[in-house]
Each structure stands twice: as C-alpha cells, then as structure tokens.
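**Q** upload27.cif is reproduced below (mmCIF, C-alpha atoms).
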data_final
#
loop_
_atom_site.label_atom_id
_atom_site.label_comp_id
_atom_site.auth_asym_id
_atom_site.auth_seq_id
_atom_site.Cartn_x
_atom_site.Cartn_y
_atom_site.Cartn_z
CA MET Q 288 2.54 -18.62 -1.42
CA ARG Q 289 0.58 -17.11 -4.26
CA TRP Q 290 0.22 -13.68 -2.63
CA ILE Q 291 3.76 -13.03 -3.74
CA HIS Q 292 2.48 -12.40 -7.26
CA ALA Q 293 1.62 -8.86 -6.22
CA ALA Q 294 2.45 -6.95 -3.10
CA GLY Q 295 -0.64 -4.83 -3.49
CA ARG Q 296 -2.81 -7.90 -3.96
CA GLY Q 297 -1.28 -9.53 -0.91
CA LEU Q 298 -2.12 -6.54 1.18
CA LEU Q 299 -5.63 -6.49 -0.17
CA VAL Q 300 -6.13 -10.10 0.69
CA LEU Q 301 -4.83 -9.76 4.19
CA VAL Q 302 -6.86 -6.74 4.94
CA VAL Q 303 -9.92 -8.31 3.58
CA VAL Q 304 -9.99 -10.85 6.26
CA MET Q 305 -9.62 -8.16 8.75
CA THR Q 306 -12.31 -6.22 7.13
CA GLY Q 307 -14.77 -8.57 8.59
CA TYR Q 308 -13.37 -8.00 11.96
CA VAL Q 309 -13.32 -4.28 11.68
CA THR Q 310 -16.91 -4.19 10.82
CA ALA Q 311 -17.56 -5.24 14.29
CA GLY Q 312 -16.43 -1.97 15.69
CA VAL Q 313 -19.61 -0.15 14.82
CA HIS Q 314 -22.07 0.73 17.55
CA ALA Q 315 -25.13 -1.47 17.49
CA ASP Q 316 -27.45 1.47 17.05
CA GLU Q 317 -25.78 2.66 13.84
CA GLY Q 318 -27.17 1.50 10.48
CA ALA Q 319 -29.04 -1.67 9.71
CA GLY Q 320 -28.78 -4.57 12.13
CA SER Q 321 -27.41 -4.91 15.64
CA GLY Q 322 -26.00 -7.37 18.16
CA ARG Q 323 -24.08 -10.51 17.34
CA GLY Q 324 -24.34 -12.98 14.52
CA PRO Q 325 -22.70 -14.19 11.29
CA LEU Q 326 -20.76 -11.88 9.01
CA THR Q 327 -19.78 -11.85 5.32
CA ILE Q 328 -16.47 -10.33 4.25
CA ALA Q 329 -15.60 -9.33 0.70
CA THR Q 330 -12.00 -9.57 -0.39
CA ALA Q 331 -9.81 -9.98 -3.41
CA GLY Q 332 -9.16 -13.53 -4.51
CA ASP Q 333 -6.13 -15.77 -4.00
CA LEU Q 334 -6.16 -15.92 -0.21
CA THR Q 335 -3.13 -17.10 1.73
CA GLY Q 336 -3.01 -20.06 4.04
CA TYR Q 337 -2.52 -17.59 6.87
CA LEU Q 338 -5.90 -15.96 6.41
CA GLY Q 339 -7.69 -19.23 6.19
CA SER Q 340 -6.18 -20.44 9.45
CA VAL Q 341 -7.08 -17.21 11.24
CA LEU Q 342 -10.71 -17.43 10.17
CA GLU Q 343 -10.82 -21.12 10.95
CA GLY Q 344 -9.66 -20.40 14.48
CA TRP Q 345 -12.26 -17.67 14.94
CA ASN Q 346 -15.11 -19.75 13.52
CA ARG Q 347 -14.18 -22.73 15.71
CA THR Q 348 -14.51 -20.68 18.90
CA HIS Q 349 -17.38 -18.44 17.73
CA PRO Q 350 -19.90 -20.79 16.06
CA ASP Q 351 -22.71 -18.24 16.33
CA GLU Q 352 -20.59 -15.49 14.73
CA ARG Q 353 -19.11 -17.36 11.83
CA VAL Q 354 -17.32 -15.35 9.17
CA THR Q 355 -17.86 -16.19 5.50
CA LEU Q 356 -15.35 -15.00 2.91
CA VAL Q 357 -16.47 -13.90 -0.54
CA GLU Q 358 -13.49 -13.92 -2.90
CA LEU Q 359 -13.65 -11.34 -5.66
CA PRO Q 360 -11.31 -11.16 -8.70
CA ASP Q 361 -7.58 -10.84 -8.13
CA SER Q 362 -7.45 -7.49 -9.93
CA ALA Q 363 -7.77 -4.53 -7.57
CA ASP Q 364 -9.79 -2.61 -10.16
CA GLU Q 365 -12.25 -5.48 -10.59
CA THR Q 366 -12.49 -6.01 -6.86
CA ARG Q 367 -13.27 -2.35 -6.33
CA ALA Q 368 -15.91 -2.42 -9.08
CA GLN Q 369 -17.71 -5.44 -7.61
CA MET Q 370 -17.62 -3.95 -4.13
CA ILE Q 371 -19.16 -0.73 -5.40
CA THR Q 372 -21.87 -2.65 -7.25
CA ASP Q 373 -22.80 -4.48 -4.06
CA LEU Q 374 -22.73 -1.32 -1.97
CA ARG Q 375 -25.02 0.46 -4.42
CA ASP Q 376 -27.37 -2.51 -4.68
CA GLY Q 377 -27.55 -2.54 -0.91
CA ASP Q 378 -29.89 0.43 -1.06
CA ASP Q 379 -32.52 -1.99 -2.34
CA ASP Q 380 -31.79 -5.36 -0.73
CA GLY Q 381 -29.12 -4.76 1.90
CA GLY Q 382 -26.23 -6.10 -0.19
CA ARG Q 383 -24.22 -9.28 0.32
CA PHE Q 384 -21.23 -7.79 2.09
CA ASP Q 385 -21.17 -6.77 5.74
CA MET Q 386 -17.50 -5.90 5.69
CA LEU Q 387 -14.98 -4.90 3.07
CA ASN Q 388 -11.24 -5.15 2.68
CA ILE Q 389 -10.42 -1.88 0.94
CA ASP Q 390 -7.18 -0.46 -0.31
CA VAL Q 391 -6.13 2.52 1.79
CA SER Q 392 -6.68 4.82 -1.19
CA TRP Q 393 -10.39 3.91 -1.42
CA THR Q 394 -11.40 5.13 2.04
CA SER Q 395 -12.20 8.72 1.06
CA GLU Q 396 -14.24 7.71 -2.00
CA PHE Q 397 -16.28 5.08 -0.17
CA ALA Q 398 -16.88 7.42 2.78
CA ALA Q 399 -17.88 10.39 0.63
CA GLN Q 400 -20.40 8.23 -1.24
CA GLY Q 401 -21.97 7.02 2.01
CA TRP Q 402 -21.16 3.38 1.26
CA ILE Q 403 -19.30 2.73 4.52
CA ARG Q 404 -20.30 3.88 7.96
CA PRO Q 405 -18.30 6.06 10.35
CA LEU Q 406 -16.69 4.15 13.19
CA PRO Q 407 -16.32 5.19 16.85
CA ARG Q 408 -12.65 5.70 17.66
CA ASP Q 409 -13.02 4.46 21.23
CA ARG Q 410 -13.95 0.95 20.05
CA PHE Q 411 -10.52 0.31 18.53
CA PRO Q 412 -6.94 0.29 19.90
CA LEU Q 413 -5.79 3.11 17.61
CA ASP Q 414 -3.24 4.33 20.16
CA THR Q 415 -1.27 1.10 19.67
CA PHE Q 416 -0.92 1.68 15.91
CA LEU Q 417 1.87 3.46 14.07
CA PRO Q 418 0.47 7.03 13.92
CA PRO Q 419 0.54 7.60 10.13
CA VAL Q 420 -1.58 4.54 9.35
CA VAL Q 421 -4.61 5.92 11.16
CA ASP Q 422 -4.75 8.88 8.78
CA THR Q 423 -5.38 6.53 5.84
CA ALA Q 424 -8.62 5.42 7.51
CA THR Q 425 -10.12 8.89 8.01
CA TYR Q 426 -12.15 11.22 5.83
CA ASP Q 427 -13.20 14.75 6.73
CA GLY Q 428 -11.91 14.25 10.26
CA GLN Q 429 -13.96 11.09 10.90
CA LEU Q 430 -12.81 7.48 11.20
CA TYR Q 431 -14.40 5.37 8.44
CA ALA Q 432 -12.23 2.24 8.57
CA VAL Q 433 -9.67 0.51 10.78
CA PRO Q 434 -6.11 -0.19 9.58
CA TYR Q 435 -4.95 -3.79 9.75
CA VAL Q 436 -1.95 -4.01 7.42
CA THR Q 437 0.32 -1.15 6.47
CA ASN Q 438 3.18 -0.80 4.01
CA ALA Q 439 5.87 1.60 2.89
CA GLY Q 440 8.29 1.64 0.01
CA LEU Q 441 11.94 0.69 0.51
CA LEU Q 442 15.03 1.02 -1.64
CA LEU Q 443 16.53 -2.45 -2.15
CA TYR Q 444 20.16 -2.55 -3.25
CA ARG Q 445 22.93 -5.03 -3.98
CA LYS Q 446 24.96 -4.72 -0.81
CA ASP Q 447 27.68 -7.03 -2.16
CA ILE Q 448 28.38 -4.73 -5.09
CA LEU Q 449 28.32 -1.51 -3.09
CA ALA Q 450 30.65 -3.11 -0.53
CA LYS Q 451 33.13 -4.04 -3.28
CA GLU Q 452 33.07 -0.45 -4.50
CA GLY Q 453 33.36 0.99 -0.98
CA VAL Q 454 30.15 2.95 -1.46
CA ASP Q 455 27.44 3.46 1.15
CA PRO Q 456 23.80 2.88 0.19
CA PRO Q 457 22.36 6.10 -1.27
CA ARG Q 458 20.56 8.62 0.92
CA THR Q 459 20.03 11.22 -1.81
CA TRP Q 460 18.89 11.21 -5.42
CA ALA Q 461 22.33 12.40 -6.53
CA GLU Q 462 24.03 9.45 -4.84
CA LEU Q 463 21.50 7.05 -6.34
CA GLU Q 464 21.91 8.49 -9.84
CA ARG Q 465 25.71 8.43 -9.63
CA ALA Q 466 25.88 4.79 -8.60
CA ALA Q 467 23.15 3.74 -11.05
CA ARG Q 468 24.94 5.50 -13.89
CA THR Q 469 28.55 4.48 -13.13
CA ILE Q 470 28.66 1.35 -10.94
CA ALA Q 471 25.76 -0.64 -12.39
CA PRO Q 472 27.21 -0.88 -15.94
CA GLU Q 473 30.52 -2.19 -14.57
CA TYR Q 474 28.65 -5.26 -13.32
CA GLY Q 475 26.39 -5.61 -16.35
CA LEU Q 476 23.35 -4.33 -14.44
CA ASP Q 477 20.66 -1.75 -15.03
CA GLY Q 478 20.66 1.07 -12.54
CA TYR Q 479 17.29 1.71 -10.95
CA ALA Q 480 13.65 0.68 -11.35
CA GLY Q 481 10.31 1.04 -9.66
CA GLN Q 482 6.77 0.30 -10.78
CA PHE Q 483 6.40 2.44 -13.88
CA LEU Q 484 3.69 0.76 -15.95
CA PRO Q 485 0.63 3.05 -16.12
CA TYR Q 486 -1.39 1.61 -13.23
CA GLU Q 487 -1.71 2.38 -9.52
CA GLY Q 488 1.97 1.60 -8.99
CA LEU Q 489 2.99 4.53 -11.19
CA THR Q 490 0.73 6.84 -9.17
CA VAL Q 491 2.53 5.65 -6.03
CA ASN Q 492 6.00 6.13 -7.50
CA ALA Q 493 5.12 9.57 -8.85
CA ALA Q 494 3.60 10.69 -5.55
CA GLU Q 495 6.71 9.51 -3.68
CA ALA Q 496 8.93 11.54 -5.99
CA VAL Q 497 6.79 14.65 -5.52
CA TYR Q 498 6.52 14.18 -1.74
CA SER Q 499 10.26 13.53 -1.40
CA ALA Q 500 10.98 16.85 -3.11
CA GLY Q 501 8.73 18.61 -0.59
CA GLY Q 502 5.67 18.93 -2.81
CA SER Q 503 2.09 17.70 -2.72
CA ILE Q 504 -0.66 16.88 -5.21
CA LEU Q 505 -3.98 17.66 -3.53
CA GLY Q 506 -5.08 19.31 -0.30
CA ASP Q 507 -8.28 19.71 1.71
CA GLU Q 508 -9.60 16.20 0.96
CA GLY Q 509 -9.16 16.74 -2.77
CA GLU Q 510 -10.84 20.14 -2.97
CA ARG Q 511 -7.60 22.05 -3.59
CA VAL Q 512 -4.98 21.31 -6.26
CA THR Q 513 -1.43 21.89 -4.99
CA VAL Q 514 0.68 20.12 -7.59
CA ASN Q 515 1.73 23.18 -9.62
CA SER Q 516 4.98 23.76 -7.74
CA THR Q 517 8.74 23.72 -8.16
CA ALA Q 518 8.91 20.66 -5.90
CA ALA Q 519 6.48 18.69 -8.07
CA ARG Q 520 8.47 19.57 -11.18
CA GLU Q 521 11.66 18.41 -9.44
CA GLY Q 522 10.06 15.11 -8.49
CA ILE Q 523 8.71 14.34 -11.95
CA ASP Q 524 11.99 15.43 -13.53
CA PHE Q 525 13.84 12.89 -11.35
CA LEU Q 526 11.86 10.07 -12.96
CA ALA Q 527 11.92 11.51 -16.48
CA ARG Q 528 15.65 12.24 -16.31
CA GLY Q 529 16.37 8.67 -15.27
CA VAL Q 530 14.78 7.26 -18.41
CA ARG Q 531 16.26 9.96 -20.61
CA GLU Q 532 19.80 9.38 -19.30
CA GLY Q 533 19.47 5.59 -19.22
CA TRP Q 534 20.02 4.80 -15.54
CA ILE Q 535 16.32 3.87 -15.47
CA PRO Q 536 16.00 1.23 -18.22
CA ARG Q 537 13.15 1.66 -20.66
CA GLN Q 538 12.10 -1.88 -19.82
CA ALA Q 539 11.13 -0.54 -16.39
CA LEU Q 540 8.25 1.32 -18.05
CA THR Q 541 6.55 -2.10 -18.25
CA TYR Q 542 7.17 -3.08 -14.62
CA LYS Q 543 4.59 -3.68 -11.91
CA GLU Q 544 5.54 -5.03 -8.46
CA GLU Q 545 6.24 -8.57 -9.53
CA GLU Q 546 8.10 -7.77 -12.76
CA SER Q 547 10.39 -5.29 -10.99
CA LYS Q 548 10.99 -7.71 -8.12
CA GLN Q 549 11.90 -10.44 -10.58
CA ALA Q 550 14.36 -8.22 -12.42
CA PHE Q 551 16.16 -7.50 -9.14
CA GLN Q 552 16.00 -11.13 -8.02
CA ASP Q 553 17.44 -12.30 -11.34
CA GLY Q 554 20.45 -10.04 -10.79
CA ARG Q 555 19.58 -7.46 -13.42
CA LEU Q 556 19.25 -4.37 -11.20
CA LEU Q 557 21.47 -2.51 -8.78
CA PHE Q 558 18.62 -0.61 -7.10
CA LEU Q 559 14.89 -1.27 -6.79
CA ARG Q 560 12.02 0.61 -5.21
CA ASN Q 561 9.46 -1.91 -3.95
CA TRP Q 562 7.44 -3.01 -0.93
CA PRO Q 563 8.98 -5.05 1.93
CA TYR Q 564 7.64 -8.32 0.50
CA ALA Q 565 10.25 -7.98 -2.25
CA TYR Q 566 13.02 -7.91 0.34
CA VAL Q 567 11.67 -11.09 1.92
CA VAL Q 568 11.38 -12.94 -1.40
CA THR Q 569 14.71 -11.85 -2.87
CA SER Q 570 16.52 -12.67 0.39
CA ALA Q 571 14.95 -16.11 0.79
CA LYS Q 572 16.87 -19.34 0.44
CA GLY Q 573 17.20 -20.29 -3.22
CA SER Q 574 17.03 -16.73 -4.52
CA PRO Q 575 19.96 -15.90 -6.85
CA VAL Q 576 20.69 -12.79 -4.75
CA ALA Q 577 20.09 -14.29 -1.29
CA GLY Q 578 22.53 -12.78 1.19
CA LYS Q 579 23.31 -9.91 -1.19
CA VAL Q 580 20.28 -7.68 -0.55
CA GLY Q 581 20.15 -4.57 1.62
CA ALA Q 582 17.30 -2.14 2.27
CA VAL Q 583 17.21 1.55 3.22
CA PRO Q 584 14.55 4.26 3.18
CA LEU Q 585 13.82 5.83 -0.18
CA PRO Q 586 16.21 8.67 -0.98
CA GLY Q 587 15.21 12.27 -1.70
CA PRO Q 588 16.91 15.37 -3.08
CA ASP Q 589 18.82 16.20 0.11
CA GLY Q 590 18.39 13.12 2.30
CA PRO Q 591 15.85 10.40 3.02
CA GLY Q 592 12.69 10.83 0.97
CA THR Q 593 9.04 10.14 1.67
CA SER Q 594 7.25 6.89 0.91
CA VAL Q 595 3.57 6.56 0.12
CA LEU Q 596 1.65 4.52 2.68
CA GLY Q 597 0.32 1.26 1.35
CA GLY Q 598 -1.79 -1.39 2.99
CA SER Q 599 -5.45 -2.09 3.55
CA ASN Q 600 -8.21 -0.86 5.82
CA LEU Q 601 -11.22 -2.72 7.11
CA ALA Q 602 -14.50 -0.97 6.45
CA VAL Q 603 -18.10 -1.68 7.42
CA SER Q 604 -20.92 -1.44 4.91
CA THR Q 605 -23.71 0.94 5.81
CA HIS Q 606 -25.99 -2.10 5.50
CA ALA Q 607 -23.88 -4.36 7.74
CA ARG Q 608 -25.49 -6.82 10.12
CA HIS Q 609 -24.34 -7.63 13.65
CA PRO Q 610 -21.92 -4.76 14.32
CA ASP Q 611 -21.13 -6.03 17.82
CA SER Q 612 -19.66 -9.19 16.34
CA ALA Q 613 -17.62 -7.00 14.06
CA ALA Q 614 -16.15 -5.14 17.02
CA ARG Q 615 -15.13 -8.40 18.63
CA LEU Q 616 -13.48 -9.49 15.40
CA ILE Q 617 -11.36 -6.39 15.12
CA ALA Q 618 -10.18 -6.80 18.69
CA TYR Q 619 -9.09 -10.31 17.77
CA LEU Q 620 -7.31 -9.25 14.59
CA THR Q 621 -5.49 -6.34 16.19
CA SER Q 622 -4.29 -8.43 19.12
CA GLU Q 623 -0.55 -8.84 19.49
CA ARG Q 624 -0.73 -12.56 18.75
CA VAL Q 625 -2.53 -12.17 15.43
CA GLN Q 626 -0.43 -9.18 14.41
CA ARG Q 627 2.67 -11.31 14.90
CA GLN Q 628 1.15 -13.88 12.58
CA VAL Q 629 0.54 -11.18 9.99
CA LEU Q 630 4.28 -10.56 9.91
CA ARG Q 631 5.59 -14.07 10.41
CA ARG Q 632 3.22 -15.98 8.15
CA GLY Q 633 2.34 -13.32 5.62
CA ALA Q 634 5.52 -11.18 5.63
CA LEU Q 635 3.18 -8.20 5.67
CA PRO Q 636 3.80 -5.15 7.87
CA PRO Q 637 1.56 -5.04 10.95
CA VAL Q 638 0.06 -1.82 12.27
CA ARG Q 639 0.98 -2.33 15.93
CA ALA Q 640 3.92 -0.07 16.76
CA ASP Q 641 5.44 -2.21 19.51
CA LEU Q 642 6.17 -5.12 17.17
CA TYR Q 643 8.69 -3.03 15.22
CA GLU Q 644 10.90 -2.84 18.31
CA ASP Q 645 10.52 -6.46 19.42
CA PRO Q 646 14.07 -7.94 19.63
CA GLU Q 647 12.97 -11.39 18.50
CA LEU Q 648 11.14 -10.08 15.45
CA MET Q 649 13.97 -7.70 14.60
CA ARG Q 650 16.38 -10.65 14.46
CA GLU Q 651 13.95 -12.58 12.29
CA PHE Q 652 13.19 -9.62 10.00
CA PRO Q 653 16.33 -7.44 9.75
CA TYR Q 654 14.55 -4.76 7.73
CA LEU Q 655 12.00 -3.94 10.47
CA ALA Q 656 13.83 -0.88 11.81
CA THR Q 657 14.15 0.53 8.28
CA LEU Q 658 10.50 -0.21 7.55
CA ARG Q 659 9.40 1.48 10.78
CA GLU Q 660 11.37 4.59 9.81
CA SER Q 661 9.77 4.58 6.36
CA VAL Q 662 6.23 4.16 7.71
CA LEU Q 663 6.66 6.91 10.32
CA THR Q 664 7.74 9.40 7.66
CA ALA Q 665 5.33 8.18 4.96
CA ALA Q 666 2.32 10.04 3.59
CA PRO Q 667 -1.03 8.88 2.19
CA ARG Q 668 -1.85 9.03 -1.48
CA PRO Q 669 -3.84 12.13 -2.46
CA LYS Q 670 -7.17 12.04 -0.67
CA SER Q 671 -10.17 12.59 -2.90
CA PRO Q 672 -13.74 11.30 -3.20
CA ARG Q 673 -12.83 10.83 -6.89
CA TYR Q 674 -9.53 9.10 -6.26
CA ASP Q 675 -9.90 6.69 -9.18
CA GLN Q 676 -10.02 9.64 -11.60
CA VAL Q 677 -7.13 11.38 -9.84
CA SER Q 678 -4.96 8.29 -10.12
CA LEU Q 679 -5.69 7.82 -13.82
CA VAL Q 680 -4.70 11.41 -14.56
CA VAL Q 681 -1.46 11.12 -12.59
CA GLN Q 682 -0.56 7.90 -14.41
CA ALA Q 683 -1.21 9.37 -17.86
CA VAL Q 684 0.64 12.62 -17.30
CA VAL Q 685 3.70 11.12 -15.59
CA ARG Q 686 3.89 8.42 -18.25
CA ASP Q 687 4.10 11.10 -20.94
CA ALA Q 688 6.88 12.85 -19.01
CA MET Q 689 8.87 9.64 -18.55
CA THR Q 690 8.58 8.67 -22.21
CA GLY Q 691 9.65 12.14 -23.35
CA ARG Q 692 6.32 13.15 -24.89
CA GLN Q 693 6.11 16.09 -22.53
CA THR Q 694 8.61 18.06 -20.46
CA PRO Q 695 8.29 17.88 -16.67
CA GLU Q 696 7.32 21.56 -16.63
CA ALA Q 697 4.52 21.03 -19.15
CA ALA Q 698 3.46 17.84 -17.38
CA VAL Q 699 2.99 19.63 -14.07
CA ARG Q 700 0.92 22.39 -15.68
CA ARG Q 701 -1.25 19.81 -17.42
CA LEU Q 702 -1.60 17.81 -14.23
CA ALA Q 703 -2.79 20.92 -12.37
CA ARG Q 704 -5.38 21.69 -15.06
CA GLU Q 705 -6.79 18.18 -15.24
CA LEU Q 706 -6.92 17.73 -11.46
CA ALA Q 707 -8.69 21.07 -11.13
CA THR Q 708 -11.36 19.82 -13.54
CA ILE Q 709 -11.86 16.70 -11.44
CA SER Q 710 -12.01 18.66 -8.19
CA SER Q 711 -14.64 21.04 -9.54
CA ARG Q 712 -17.11 18.29 -10.48
#
I'd like the structure from this file rewritten - as structure tokens, please.
**A**
Amino acid sequence: MRWIHAAGRGLLVLVVVMTGYVTAGVHADEGAGSGRGPLTIATAGDLTGYLGSVLEGWNRTHPDERVTLVELPDSADETRAQMITDLRDGDDDGGRFDMLNIDVSWTSEFAAQGWIRPLPRDRFPLDTFLPPVVDTATYDGQLYAVPYVTNAGLLLYRKDILAKEGVDPPRTWAELERAARTIAPEYGLDGYAGQFLPYEGLTVNAAEAVYSAGGSILGDEGERVTVNSTAAREGIDFLARGVREGWIPRQALTYKEEESKQAFQDGRLLFLRNWPYAYVVTSAKGSPVAGKVGAVPLPGPDGPGTSVLGGSNLAVSTHARHPDSAARLIAYLTSERVQRQVLRRGALPPVRADLYEDPELMREFPYLATLRESVLTAAPRPKSPRYDQVSLVVQAVVRDAMTGRQTPEAAVRRLARELATISSR
C-alpha cells in the first residue's frame, strides 16, 4: 500500500475522501447551490484501495449523487497551493472543488480567509468523536470542518532489548535519555529519533517538546505569542541536547516519517517518535523487528508528555454545490462500519471514540489503548490564520538550535520576535 510512504500523506488521502462527505453537512441555504447532486472532492494523490472501494460503494447506491475525486500532487505543500488557487479562482467561476481534504493545521487559515464555509454542529455526530479532535476543526469558536481521521504521536521502542536489560519503557525524558545513551550503544544502535528535517514534521516534534514541558507557542487563535517561557526553552533544549550529546544521531536531522520509520525497522534505533502507522508497518510479518516492537505515549519531563494531534478534516468550499448530498456523505463516512474500515484497511486512527474500546479491535490492534490515551491528552498545532508562516519560522529556529548554531535560550527569544512579527501583520 503506497500510503505507507508518508504517514502525513496517508492521512491526507484518507481525509480527502471524507472531505466530500463532510461537505454535505452544510445547510442548503448557505452559500452557492443547494439540494442533492454530484460532488467533486480534492485530495492529495496516491489514493489507497480502501478509499476507492468506499467511493465505489457510495456511487453504486447513489447514482444521482456521484462523487468525483480530483487527485492533486502527493506533496502536502503542493496540494495546499493548488487548493488555495482553486478556492481563490472560485470567486470568479465557482471553482472546481466542492469539498476539500485538508490537514488539521490548515483549518484556521482556510476559515479566516473565507475559503471554507462554517458548518452547523447539529448536522454531524460530534458527540461520538474523541473530544480533542473536534477542536482541530474549529476557528474562532465556529465549526469549519468535520474530523474524519485523527492521529497522535507514539514512542516506539525495542521491547526485546529493554526486556533483556530489565528496563521498563521510558515515561520521562530522563529515562529516555539514559537508555538511549547507555543501552543503545551496547547493541550497536542509535538512541532516539523523530522527524527532524526542516519541514512540517519538525514543527510537530518541536511543538510536542514544548507542550510536554508545559509550554505553548501561540494563544488566542494566533493573536498572542506565548513561546517566550521557561517551558519552551526546556522543550527545545531537550532536542538540542540530544544531538549535542549524541543520543540523537545527526543523521536524524535528515529524517521525515518514512526515513525515521525505516531506520527503526532496519534495527538501527532503540527509540522512535512516529505516528501509529509506523507501529503497524514495523510489526508486520516480514519486518526485521516484527514481534520486537512496543509502543507507549510520548514521555515528558516528569511523566507522559503531550502529542500534537495529526489527521485530516473535511471542509466545504464556500462555492460548493449540493450541500445536502454532502451531509449524507458525512453521515456515511462517520458511521461505525466505515470507521472500522478506516482502521482495518487503512491502519489509520478513526475519530469515533467507541472503537478504541472495542474488544475485537483491541485484539487486532494492540496499540489502540495507548493511542487513545495519546489522542485524549494531545493538543493541536498552533492555531493561526498564517499557519504556513508560523510553521516555517518554527522549523528554521529549532533547526538552528538542534545544529548548535543557536542556544535554546537565544532560539526561544528569536522565535518570540519572529512570531510576533507574523501575528502583527
């Protein structure tokens, strides 16, 4: 399954399909168009067989409400750019896309620009979702999208090695550092890695470190900068210290999701921060570390840390046609049957809370209880109508701290200055 090439891309793809369905949740009297009819959904490329079968089933039973997929480039940045172009062009000709599969971090930007329409909460089964995921779909107190797939970071570890050493999986940064520094070299392994190449993955890893230390980056929907704190310095120092002391290998500064997953799967890492898909792949039959992988929540300074929420939200263009059909689609996609398929066929975390306590699914996916815990304590990425600029600044500054070009203290001060400039625009 090609979605494995990037956890983020896989989420994008899955959500895209749902995007079409979510669109339906809009009241018929809102925006352009009304009633029922065909829909067009924009998504990132490289769709899975699961998505195709779901749409095929819908189209077979709803011939007058057929859904057409438009596949955009695989790159999240290129997908976002093409979506924005279509949304802007829609002011003149209505645009091609009725519905959009958007990364959870894009909701605030798209809503603030007026590109997606607000959605009525009572049209969607939000009370059946894991509570934190709903927050990723809101802006300024209003629902602007509907969650379909969620995600949270996990700490993967070599349970065979820790068992030999009589060591429990780490719950704190100190325990992680100690094992990464002392145990990993005994087995010819590197200690710890995440996604540290300067791209969205580094923003996620940096935010998790700051959040886990009790800090934050932005407040009030991006209008207030909160990063200049002792907690933020502690979080960034955790990452910088790892590279400086060697228990984070310098090679990890080139890792995205797939590269870091492969390093762990090849038996080169003791610990890895990644999304749940990495657990599924590394534990699968034929993997060199199959049967040797464990997963726990991300650690923090004094106990379990805080993950950043991943996943995708389904949004409706302000120029969407046939919003009633969109509402019917979202009901279909958020049904228990389809949500089970999301997990079983796509290995992607569903948003329905009850599935995380289903005995059958828990036997099939042993990490579900850990993932549920991580999602329930997770936090969104910094909300801002200029999120793309915020993320680029975080990547650049944290990269300089991790490579030793800047101390964590100086990095936090610089981050506060540059974010304040963005917020004041």
**Q** Expressed in Å to a single decimal, how great is the separation between CA of Ser395 in chain Q and CA of Asp427 in chain Q?
**A**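 Rounded to one decimal, the two atoms are 8.3 Å apart.
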**Q** For range 506-520 of chain Q, please output as JSON, numbers by chain all residues within 7 Å (counting only C-alpha atoms; exclusion window: fewer than 6 positions along the same chain).
**A** {"Q": [427, 497, 500, 670, 671, 695, 696, 699, 700, 703, 706, 707, 710]}
**Q** Using only C-alpha atoms, find the one residue out of Q:Gly633, Q:Gly573, Q:Gly554, Q:Pro412 that sits nearest to Gly475 in chain Q.
**A**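 Smallest separation from Gly475 in chain Q among the options: Q:Gly554.
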**Q** From the list Q:Ala331, Q:Leu616, Q:Gly401, Q:Gln482, which residue is nearest His349 in chain Q when using all atoms listed in the file?
**A**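 Residue with the minimum atom-to-atom distance to His349 in chain Q: Q:Leu616.
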**Q** Calculated over all atoms listed in the file, which of the candidates Q:Glu521, Q:Val391, Q:Ala467, Q:Gly453 has the smallest distance to Tyr431 in chain Q?
**A**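 Closest residue, counting all atoms listed in the file: Q:Val391.
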